[in-house]
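Undergrad: My structure is below; once you've seen it, I'll send some questions.
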Amino acid sequence: MRKLVCFSLAILVLFCFTACNLNLNLENLENESESAAITEEMLDILAEKRVDDAKALFHPQVDEEIDTAITQMCDFLDGRKAESVEIISININNSTGTGGRSRQEQVAYSVRLDDGEIIYASAVYLSDQDGDGFVSFQLILGII
């Protein structure tokens, strides 16, 4: 009986330590993604060359100067709008710790522009006690 109680307690403790960080890497999580709609909005903002509006979609912890990178993405899109945006991979990491709860999404998108060109976008979107927003947003040319 004593061994059963000790074993049960060991399993319970192990479960408590592993339940703090849930890492989901599943297909077809478009409905679970917080950033999918915001990514489409970001692509429209970049196509319209609204640098200040694009900066507002970044997480508060992004304190580095990002104007140059945003301007480069605006110049590349040059008014071309996203006709379709499709998630090709997603990784969602939910965690709870002493600093509070956080949710981080790493998402790769296939983007068809209105002129028919297909490009890719990669985004990391963070929601935590400091706020919500992109930690990283990249337009990728080439093959993924």
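By order of appearance in the structure tokens: chains A, B, ..., then residues from 1 within every chain, and ligands from 1 in the order shown.
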Give me, as a PyMOL selection string, all polymer residues having an atom no more than 10 Å from region 39-41 of chain A, counting only C-alpha atoms and skipping those fewer than 3 positions away in the same chain.
TA: chain A and resi 34-36+44-47+53-54+57+81-86+107+109+111+121-123+125+134+137
Undergrad: What are the DSSP strand (DSSP E or B) residues of region 39-115 of chain A, as a ChimeraX atom specification?
TA: /A:58,82-97,100-113
Undergrad: When DSSP works through the backbone of this structure, what residues of region 27-134 of chain A end up as helix (DSSP H, G or I), shown as a ChimeraX atom specification?
TA: /A:36-47,51-56,67-77
Undergrad: So that I have them on file, write out the residues from the current selection with N, CA, C and O atoms, as a CSV table (one decimal), in the first residue's frame.
TA:
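So again04.csv came out as:
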chain,number,residue,atom,x,y,z
A,36,ALA,N,-3.7,35.2,-37.3
A,36,ALA,CA,-4.0,35.1,-38.7
A,36,ALA,C,-4.7,36.3,-39.3
A,36,ALA,O,-4.3,36.9,-40.3
A,37,ALA,N,-5.7,36.8,-38.6
A,37,ALA,CA,-6.4,38.0,-39.1
A,37,ALA,C,-5.5,39.3,-39.0
A,37,ALA,O,-5.5,40.1,-39.9
A,38,ILE,N,-4.7,39.3,-38.0
A,38,ILE,CA,-3.7,40.5,-37.8
A,38,ILE,C,-2.7,40.4,-38.9
A,38,ILE,O,-2.2,41.5,-39.3
A,39,THR,N,-2.3,39.2,-39.3
A,39,THR,CA,-1.3,39.1,-40.4
A,39,THR,C,-1.8,39.7,-41.7
A,39,THR,O,-1.2,40.4,-42.4
A,40,GLU,N,-3.1,39.3,-42.0
A,40,GLU,CA,-3.7,39.9,-43.2
A,40,GLU,C,-3.8,41.4,-43.1
A,40,GLU,O,-3.6,42.1,-44.1
A,41,GLU,N,-4.1,41.9,-41.9
A,41,GLU,CA,-4.2,43.4,-41.7
A,41,GLU,C,-2.8,44.0,-41.9
A,41,GLU,O,-2.6,45.0,-42.5
A,42,MET,N,-1.8,43.3,-41.4
A,42,MET,CA,-0.4,43.8,-41.5
A,42,MET,C,0.0,43.9,-43.0
A,42,MET,O,0.6,44.8,-43.5
A,43,LEU,N,-0.3,42.8,-43.8
A,43,LEU,CA,0.0,42.8,-45.2
A,43,LEU,C,-0.7,44.0,-45.9
A,43,LEU,O,-0.1,44.6,-46.8
A,44,ASP,N,-1.9,44.3,-45.6
A,44,ASP,CA,-2.6,45.4,-46.2
A,44,ASP,C,-2.0,46.7,-45.8
A,44,ASP,O,-1.8,47.6,-46.6
A,45,ILE,N,-1.6,46.9,-44.5
A,45,ILE,CA,-0.9,48.1,-44.1
A,45,ILE,C,0.4,48.3,-44.8
A,45,ILE,O,0.7,49.4,-45.2
A,46,LEU,N,1.1,47.2,-44.9
A,46,LEU,CA,2.4,47.3,-45.6
A,46,LEU,C,2.2,47.7,-47.1
A,46,LEU,O,3.0,48.5,-47.7
A,47,ALA,N,1.2,47.1,-47.7
A,47,ALA,CA,1.0,47.4,-49.2
A,47,ALA,C,0.6,48.9,-49.3
A,47,ALA,O,0.9,49.5,-50.3
A,51,VAL,N,3.7,53.0,-42.3
A,51,VAL,CA,4.7,52.6,-41.4
A,51,VAL,C,4.3,52.7,-40.0
A,51,VAL,O,4.5,51.7,-39.2
A,52,ASP,N,3.7,53.8,-39.6
A,52,ASP,CA,3.3,53.9,-38.2
A,52,ASP,C,2.2,52.9,-37.7
A,52,ASP,O,2.3,52.4,-36.6
A,53,ASP,N,1.3,52.6,-38.6
A,53,ASP,CA,0.3,51.6,-38.3
A,53,ASP,C,0.9,50.3,-38.2
A,53,ASP,O,0.5,49.4,-37.4
A,54,ALA,N,1.9,50.0,-39.0
A,54,ALA,CA,2.6,48.7,-39.0
A,54,ALA,C,3.3,48.6,-37.6
A,54,ALA,O,3.3,47.5,-37.0
A,55,LYS,N,4.0,49.6,-37.2
A,55,LYS,CA,4.7,49.6,-35.9
A,55,LYS,C,3.8,49.4,-34.8
A,55,LYS,O,4.2,48.7,-33.8
A,56,ALA,N,2.6,49.8,-34.9
A,56,ALA,CA,1.6,49.7,-33.8
A,56,ALA,C,1.2,48.2,-33.6
A,56,ALA,O,0.7,47.8,-32.5
A,67,ASP,N,11.8,50.8,-38.3
A,67,ASP,CA,11.3,51.6,-39.4
A,67,ASP,C,11.9,51.1,-40.8
A,67,ASP,O,11.3,51.0,-41.8
A,68,THR,N,13.2,50.9,-40.8
A,68,THR,CA,13.9,50.5,-42.0
A,68,THR,C,13.4,49.2,-42.5
A,68,THR,O,13.1,49.0,-43.7
A,69,ALA,N,13.2,48.2,-41.7
A,69,ALA,CA,12.7,46.9,-42.1
A,69,ALA,C,11.3,47.0,-42.6
A,69,ALA,O,10.9,46.4,-43.6
A,70,ILE,N,10.4,47.8,-41.9
A,70,ILE,CA,9.1,48.0,-42.4
A,70,ILE,C,9.0,48.7,-43.7
A,70,ILE,O,8.3,48.3,-44.6
A,71,THR,N,9.9,49.7,-43.9
A,71,THR,CA,10.0,50.4,-45.2
A,71,THR,C,10.4,49.5,-46.3
A,71,THR,O,9.9,49.6,-47.4
A,72,GLN,N,11.3,48.6,-46.0
A,72,GLN,CA,11.8,47.7,-47.1
A,72,GLN,C,10.6,46.7,-47.5
A,72,GLN,O,10.4,46.5,-48.7
A,73,MET,N,9.8,46.3,-46.5
A,73,MET,CA,8.7,45.4,-46.9
A,73,MET,C,7.6,46.2,-47.6
A,73,MET,O,7.0,45.7,-48.6
A,74,CYS,N,7.4,47.5,-47.3
A,74,CYS,CA,6.5,48.3,-48.0
A,74,CYS,C,6.9,48.5,-49.4
A,74,CYS,O,6.1,48.4,-50.4
A,75,ASP,N,8.2,48.8,-49.6
A,75,ASP,CA,8.8,49.0,-50.9
A,75,ASP,C,8.7,47.7,-51.8
A,75,ASP,O,8.4,47.8,-53.0
A,76,PHE,N,8.8,46.6,-51.2
A,76,PHE,CA,8.7,45.3,-51.9
A,76,PHE,C,7.3,45.1,-52.4
A,76,PHE,O,7.0,44.8,-53.5
A,77,LEU,N,6.3,45.3,-51.5
A,77,LEU,CA,4.9,45.1,-51.9
A,77,LEU,C,4.4,46.1,-52.9
A,77,LEU,O,3.7,45.8,-53.8
Undergrad: Which of these residues is nearest to Lys49 (chain A), using only C-alpha atoms: A:Arg80, A:Ser89, A:Tyr120, A:Leu126?
TA: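 Looking at the shortest contact to Lys49 (chain A), the residue is A:Arg80.
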Undergrad: Given only C-alpha atoms as the basis, pick out the residue of A:Leu139, A:Val124, A:Glu65, A:Arg50 nearest to Ile90 (chain A).
TA: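 Closest to Ile90 (chain A), using only C-alpha atoms: A:Val124.
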Undergrad: Pick from A:Ser110, A:Gln138, A:Gln61, A:Ser127: nearest to Ile92 (chain A), with only C-alpha atoms counted?
TA: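 Nearest to Ile92 (chain A): A:Ser127.
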